[in-house]
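These notes concern the structure reproduced below.
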Amino acid sequence: MERSKKRIFLSSRALKRALLFFVLFISSLSLYASWYIKPSFIYRESTMTKVPYVISLEGRWNDLSITLSLQGLDEELNGSVKYDYRVGKTLHNEFRLHSEYFIKDRGGYSDLSYEFHQRFTWKYGGLGYRVGIMASLAYSSFSKDISWGLSPLLGLEGFLTFGPVLIEAYLRMNSDNEINWRAVPVAGLALEGTITEHQSISLEAYLKTAEYLMDPWYMVTSWAVKASYCYRGL
Amino acid sequence: MAKRALSILLLIFSITGCTFESKITEAYSENPFLNEVRLDFSSNQKALNIALGASTLKFVLATDQHYGREKRYPGMIYRWDDNFFDYLNTHRYPFFICLGDLSDSGEYTDEVYNYIKRAYDSTTNGHFIYAIGNHERHLFDESVWTDEDSELIKHFTTMGKYVYSDILSIYKLDSSMRTWGSKQLDWLEEALKKDKSKYKIFITHDNITVGGTFDQSLFVTGYGDAVERNRLYRIMHDYKVGVILTGHHHKGNIEYHMSETMGELNLAAYHRMTNGFESDGFWYEFALDLKTGILSCDAYQAETGEKDSRYHFEFKLPEA
């Protein structure tokens, strides 16, 4: 009995230490790095998933960002790590590792992508484009075969700023919030409002289509509205 | 604001020819997999013998005919219809499966009509089972492909179930819009729960498992939705569906064995196109051993009408 009490005591102390370490870590971020934390709520209607509610948490520290999301309790788990290496004022090299697991159907996919991204900014807005490639694999616990894919990635984006409000429209092929193990387009509109120096809120609506090669139509397989709050360090 | 943003997006997509999942199932007021079509009770002696207890059920398959493709690629398309129909008339199979893209433009041209007519005349009871392809959707008006009143195109539904003597159930899935959609797969599961056939297979146009060989499916073509793909695998496993037959990307002759009793066979196009990403023309003869559940497939070169010994495939179907 004493032993288990001691364990509880130790674990409680360890927890306090971990909490202290976390607070110091966050504080150090605000002193030495550019960072933000962005929790989001997504309402998503998809042709395949039954529960439309997704919660997502995105964190960024300098050039590295991590996104985790969960749709329903038995639908899907999603995680991605992105490294955005900037060169000068307009050029970005984005490397992304994205993984998705479907809880009910016991399988998922992972992809690794590189995108060359250039964004030109003017006083009231800007334009950007993306070109890249994605290597991906999809797996299932019911199959010993893995599906492999190589996809070209293309993207276009434009934005306008009106004081504290930013409006962005985009068309891209790899979205952190969507299920696309092959290159499928995601088109969206985002609205971001700055509240204070450290805080902002955003609202985003987007559509995803099915694989579309050579057909004269697009089949929408999901649409979503995403509401986010962002706390920014520097 | 969210609604307004979404409305703008929907407007942009509708202008650019965007469609929604409901288009796949809108033609059906109820589950189409529950209205099964019986393929047996043929007047043909060979087919009748099979129904009465022969040990092997044979059928024929050809896919991706793409009639009219010559207009887009003049001088590059070859097909040998007479070889194929001579073969069909000699063998008189109980049914003939086509996995879609019979028409390149989606138009119901004379060439397409003649092919269907010859297929109808060459099989017993006109059992020409047709799974719609993405090219049949190109004209946005696929009503001609779903006209059930016509005797000639009675199997031209977009999805359905075909049963041969309670031995084999064939489920025809619509992947012509590059997605099955959850409603179609819900219907499929509902029908499979009630299925009493000994063996079950799926047929659909789009290839599902990709990247097994260094072909174009690795790069672009093939099923783009990992959620649907995984759900289909789970359905095949849970309801003992042995194999899914697919076409679409033309190179074909690729077999995937997801497990000992579950697989996908991707079949090459019926026509030949002279570039490195396409195949010679092929058709296929399938034979299901009713005692062992082994489904074997032999490829025939369309140009010569001869069996191509390089391509022999076998799948062990699980018994219900």
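Labels used: A, B, ... for chains in the order of the structure tokens, numbers from 1 for residues in each chain, and numbers from 1 for ligands as shown.
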Next item on the list: Within region 44-208 of chain A, find each residue whose DSSP state, derived from the backbone, is strand (DSSP E), and express the selection as a PyMOL selection string.
Entry: chain A and resi 44-46+53-61+64-71+76-87+91-102+107-122+125-140+147-162+165-172+186-194+199-208
Closest-contact table, chain A side, partner chain B, 6 Å, counting only C-alpha atoms, as CSV:
```
residue,atom,partner,partner_atom,distance
A:Thr47,CA,B:Gly181,CA,5.2
A:Met48,CA,B:Ser182,CA,5.0
A:Asp105,CA,B:Arg231,CA,5.5
A:Ser143,CA,B:Met258,CA,4.2
A:Lys144,CA,B:Met258,CA,5.2
A:Asp145,CA,B:Met258,CA,5.3
A:Ser147,CA,B:Val210,CA,5.0
A:Trp148,CA,B:Gly211,CA,4.5
A:Gly149,CA,B:Leu218,CA,4.8
A:Leu150,CA,B:Phe219,CA,4.7
A:Ser151,CA,B:Phe219,CA,5.7
A:Arg182,CA,B:Gly224,CA,5.3
A:Ala205,CA,B:Leu6,CA,5.9
A:Ala210,CA,B:Arg178,CA,5.9
A:Glu211,CA,B:Gly224,CA,5.1
A:Trp217,CA,B:Gly17,CA,4.8
A:Tyr218,CA,B:Cys18,CA,4.4
A:Met219,CA,B:Thr19,CA,4.8
A:Val220,CA,B:Phe20,CA,5.1
```
Please write the residues from the selection above to a file, keeping all heavy atoms, as a compact mmCIF listing (two decimals), in the first residue's frame.
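What landed in result_30.txt:
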```txt
# COMPACT_ATOMS: atom_id res chain seq x y z
N THR A 47 -18.30 12.24 -48.29
CA THR A 47 -19.05 11.11 -48.84
C THR A 47 -18.80 9.85 -48.02
O THR A 47 -19.57 8.91 -48.09
CB THR A 47 -18.63 10.82 -50.29
OG1 THR A 47 -17.24 10.56 -50.31
CG2 THR A 47 -18.97 11.96 -51.21
N MET A 48 -17.73 9.80 -47.29
CA MET A 48 -17.37 8.55 -46.64
C MET A 48 -17.47 8.53 -45.13
O MET A 48 -17.70 7.50 -44.54
CB MET A 48 -15.94 8.16 -47.03
CG MET A 48 -15.79 7.80 -48.48
SD MET A 48 -17.11 6.73 -49.09
CE MET A 48 -16.96 5.33 -48.01
N ASP A 105 -12.31 1.32 -40.44
CA ASP A 105 -11.95 0.41 -41.53
C ASP A 105 -10.50 -0.07 -41.45
O ASP A 105 -9.98 -0.69 -42.38
CB ASP A 105 -12.21 1.09 -42.88
CG ASP A 105 -13.70 1.30 -43.12
OD1 ASP A 105 -14.46 0.41 -42.71
OD2 ASP A 105 -14.08 2.33 -43.65
N SER A 143 -5.21 -6.21 -46.01
CA SER A 143 -4.43 -6.44 -47.22
C SER A 143 -2.94 -6.47 -46.93
O SER A 143 -2.43 -5.63 -46.19
CB SER A 143 -4.72 -5.31 -48.23
OG SER A 143 -3.83 -5.38 -49.30
N LYS A 144 -2.27 -7.45 -47.52
CA LYS A 144 -0.81 -7.45 -47.37
C LYS A 144 -0.18 -6.59 -48.46
O LYS A 144 1.00 -6.29 -48.41
CB LYS A 144 -0.26 -8.87 -47.39
CG LYS A 144 -0.53 -9.69 -48.64
CD LYS A 144 0.07 -11.07 -48.48
CE LYS A 144 -0.40 -12.08 -49.48
NZ LYS A 144 -0.34 -11.77 -50.89
N ASP A 145 -0.97 -6.17 -49.44
CA ASP A 145 -0.47 -5.27 -50.49
C ASP A 145 -0.60 -3.81 -50.04
O ASP A 145 -1.59 -3.44 -49.43
CB ASP A 145 -1.28 -5.44 -51.78
CG ASP A 145 -0.78 -6.61 -52.59
OD1 ASP A 145 0.38 -6.98 -52.41
OD2 ASP A 145 -1.57 -7.13 -53.39
N SER A 147 -0.71 0.10 -51.54
CA SER A 147 -0.85 0.90 -52.77
C SER A 147 0.16 2.04 -52.73
O SER A 147 0.28 2.73 -51.72
CB SER A 147 -2.26 1.49 -52.86
OG SER A 147 -3.12 0.60 -53.51
N TRP A 148 0.84 2.23 -53.85
CA TRP A 148 1.83 3.30 -53.93
C TRP A 148 1.34 4.36 -54.91
O TRP A 148 0.64 4.06 -55.86
CB TRP A 148 3.17 2.76 -54.45
CG TRP A 148 3.79 1.74 -53.56
CD1 TRP A 148 3.63 0.39 -53.61
CD2 TRP A 148 4.66 1.99 -52.45
NE1 TRP A 148 4.34 -0.21 -52.61
CE2 TRP A 148 4.99 0.75 -51.88
CE3 TRP A 148 5.20 3.15 -51.88
CZ2 TRP A 148 5.83 0.63 -50.78
CZ3 TRP A 148 6.03 3.02 -50.79
CH2 TRP A 148 6.33 1.77 -50.25
N GLY A 149 1.75 5.58 -54.68
CA GLY A 149 1.38 6.64 -55.62
C GLY A 149 2.42 7.75 -55.68
O GLY A 149 3.08 8.05 -54.68
N LEU A 150 2.57 8.31 -56.85
CA LEU A 150 3.39 9.51 -57.02
C LEU A 150 2.50 10.55 -57.69
O LEU A 150 1.90 10.26 -58.73
CB LEU A 150 4.59 9.23 -57.93
CG LEU A 150 5.81 8.57 -57.32
CD1 LEU A 150 6.82 8.24 -58.41
CD2 LEU A 150 6.46 9.47 -56.28
N SER A 151 2.37 11.71 -57.09
CA SER A 151 1.44 12.70 -57.65
C SER A 151 2.11 14.04 -57.83
O SER A 151 2.84 14.50 -56.94
CB SER A 151 0.25 12.90 -56.70
OG SER A 151 -0.42 11.69 -56.49
N ARG A 182 -3.85 10.65 -53.05
CA ARG A 182 -3.38 11.03 -54.38
C ARG A 182 -3.70 12.52 -54.55
O ARG A 182 -4.43 13.09 -53.76
CB ARG A 182 -4.12 10.24 -55.47
CG ARG A 182 -4.11 8.74 -55.31
CD ARG A 182 -2.74 8.14 -55.46
NE ARG A 182 -2.22 8.24 -56.80
CZ ARG A 182 -2.35 7.30 -57.74
NH1 ARG A 182 -3.03 6.20 -57.48
NH2 ARG A 182 -1.80 7.43 -58.93
N ALA A 205 -13.77 28.02 -45.58
CA ALA A 205 -14.70 27.06 -46.18
C ALA A 205 -13.99 26.44 -47.38
O ALA A 205 -13.32 27.14 -48.13
CB ALA A 205 -15.97 27.75 -46.64
N ALA A 210 -13.06 14.50 -56.11
CA ALA A 210 -12.48 13.19 -56.33
C ALA A 210 -11.36 13.31 -57.36
O ALA A 210 -11.18 14.37 -57.97
CB ALA A 210 -13.54 12.22 -56.83
N GLU A 211 -10.63 12.24 -57.54
CA GLU A 211 -9.63 12.18 -58.60
C GLU A 211 -10.33 12.51 -59.93
O GLU A 211 -11.45 12.09 -60.17
CB GLU A 211 -9.06 10.75 -58.62
CG GLU A 211 -8.07 10.46 -59.68
CD GLU A 211 -8.51 9.30 -60.54
OE1 GLU A 211 -9.41 8.53 -60.15
OE2 GLU A 211 -7.94 9.16 -61.63
N TRP A 217 -15.72 17.14 -65.64
CA TRP A 217 -16.49 17.54 -64.47
C TRP A 217 -15.67 17.28 -63.22
O TRP A 217 -14.67 16.57 -63.25
CB TRP A 217 -17.81 16.76 -64.37
CG TRP A 217 -17.71 15.35 -64.84
CD1 TRP A 217 -18.16 14.86 -66.02
CD2 TRP A 217 -17.10 14.24 -64.16
NE1 TRP A 217 -17.88 13.52 -66.13
CE2 TRP A 217 -17.22 13.11 -64.99
CE3 TRP A 217 -16.47 14.08 -62.94
CZ2 TRP A 217 -16.74 11.85 -64.66
CZ3 TRP A 217 -15.98 12.83 -62.60
CH2 TRP A 217 -16.12 11.74 -63.46
N TYR A 218 -16.09 17.87 -62.13
CA TYR A 218 -15.46 17.63 -60.84
C TYR A 218 -16.51 17.04 -59.91
O TYR A 218 -17.63 17.52 -59.85
CB TYR A 218 -14.95 18.94 -60.23
CG TYR A 218 -13.95 19.64 -61.10
CD1 TYR A 218 -14.34 20.65 -61.95
CD2 TYR A 218 -12.61 19.26 -61.07
CE1 TYR A 218 -13.42 21.29 -62.77
CE2 TYR A 218 -11.69 19.89 -61.88
CZ TYR A 218 -12.10 20.90 -62.73
OH TYR A 218 -11.19 21.52 -63.53
N MET A 219 -16.14 16.01 -59.20
CA MET A 219 -17.07 15.40 -58.24
C MET A 219 -16.66 15.83 -56.83
O MET A 219 -15.57 15.49 -56.38
CB MET A 219 -17.03 13.88 -58.40
CG MET A 219 -17.71 13.12 -57.28
SD MET A 219 -19.46 13.47 -57.14
CE MET A 219 -20.13 12.37 -58.36
N VAL A 220 -17.53 16.57 -56.19
CA VAL A 220 -17.22 17.00 -54.82
C VAL A 220 -17.42 15.82 -53.87
O VAL A 220 -18.48 15.21 -53.84
CB VAL A 220 -18.13 18.16 -54.40
CG1 VAL A 220 -17.94 18.49 -52.92
CG2 VAL A 220 -17.82 19.38 -55.24
```
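Restricting the calculation to only C-alpha atoms, the smallest distance between Arg96 (chain A) and any of A:Ser56, A:Ser46, A:Ser175, A:Ser34 is found for A:Ser175.
From CA of Ser113 (chain A) back to CA of Tyr231 (chain A), the distance works out to 27.3 Å.
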Notebook entry, point to check: Residues at most 12 Å from Ala227 (chain A), counting only C-alpha atoms, excluding those fewer than 5 positions away in the same chain, as an MDAnalysis selection string?
Noted result: (chainID A and resid 38:44 53:57 190:193 200:206) or (chainID B and resid 1:2)
Next item on the list: Within 8 Å of Arg118 (chain B), counting only C-alpha atoms, which residues show up once you throw out same-chain ones fewer than 4 positions away? Write them as an NGL selection string, please.
Entry: :B and (85 or 114 or 122)
Selection to disk with all heavy atoms, as a short mmCIF file (atom, residue, chain, number, x, y, z; two decimals), in the first residue's frame:
```cif
data_model
loop_
_atom_site.label_atom_id
_atom_site.label_comp_id
_atom_site.auth_asym_id
_atom_site.auth_seq_id
_atom_site.Cartn_x
_atom_site.Cartn_y
_atom_site.Cartn_z
N PHE B 85 -15.83 -11.52 -81.98
CA PHE B 85 -17.20 -12.04 -82.10
C PHE B 85 -17.22 -13.45 -82.71
O PHE B 85 -18.11 -14.23 -82.39
CB PHE B 85 -18.09 -11.05 -82.84
CG PHE B 85 -18.42 -9.86 -81.98
CD1 PHE B 85 -17.87 -8.62 -82.23
CD2 PHE B 85 -19.25 -10.02 -80.89
CE1 PHE B 85 -18.16 -7.54 -81.41
CE2 PHE B 85 -19.55 -8.93 -80.06
CZ PHE B 85 -18.99 -7.70 -80.31
N ASN B 114 -23.72 -1.18 -82.54
CA ASN B 114 -23.41 -2.44 -83.23
C ASN B 114 -22.65 -3.41 -82.33
O ASN B 114 -22.87 -4.62 -82.37
CB ASN B 114 -22.59 -2.16 -84.50
CG ASN B 114 -23.43 -1.52 -85.57
OD1 ASN B 114 -24.66 -1.71 -85.60
ND2 ASN B 114 -22.81 -0.73 -86.44
N SER B 122 -24.47 -12.73 -79.28
CA SER B 122 -23.45 -13.77 -79.12
C SER B 122 -23.47 -14.42 -77.75
O SER B 122 -22.67 -15.30 -77.47
CB SER B 122 -22.06 -13.16 -79.34
OG SER B 122 -22.01 -12.49 -80.56
#
```
Next item on the list: Considering only C-alpha atoms, return as a PyMOL selection string whatever protein or nucleic-acid residues lie within 8 Å of Leu112 (chain A), sequence-local ones (same chain, fewer than 2 positions apart) excluded.
Entry: chain A and resi 95-98+110+114+134-136
Notebook entry, point to check: Can you tell me, as number ranges by chain, what residues are no more than 8 Å from Leu57 (chain B) when counting only C-alpha atoms, ignoring any on the same chain fewer than 6 positions away?
Noted result: B: 50, 287-290
Since we have the selection now, will you write its residues out, keeping N, CA, C and O atoms, as a compact mmCIF listing (two decimals), in the first residue's frame?
```txt
# COMPACT_ATOMS: atom_id res chain seq x y z
N ILE B 50 -24.15 -26.28 -67.24
CA ILE B 50 -23.44 -25.73 -66.08
C ILE B 50 -24.41 -25.60 -64.91
O ILE B 50 -24.12 -26.00 -63.79
N ALA B 287 -12.87 -18.84 -65.72
CA ALA B 287 -13.43 -20.15 -65.39
C ALA B 287 -13.46 -20.31 -63.88
O ALA B 287 -12.41 -20.21 -63.22
N LEU B 288 -14.66 -20.51 -63.34
CA LEU B 288 -14.78 -20.71 -61.89
C LEU B 288 -14.98 -22.19 -61.62
O LEU B 288 -15.97 -22.78 -62.06
N ASP B 289 -14.03 -22.78 -60.92
CA ASP B 289 -14.15 -24.19 -60.52
C ASP B 289 -15.12 -24.24 -59.33
O ASP B 289 -14.80 -23.73 -58.25
N LEU B 290 -16.27 -24.85 -59.54
CA LEU B 290 -17.32 -24.78 -58.54
C LEU B 290 -17.03 -25.62 -57.30
O LEU B 290 -17.65 -25.45 -56.25
```
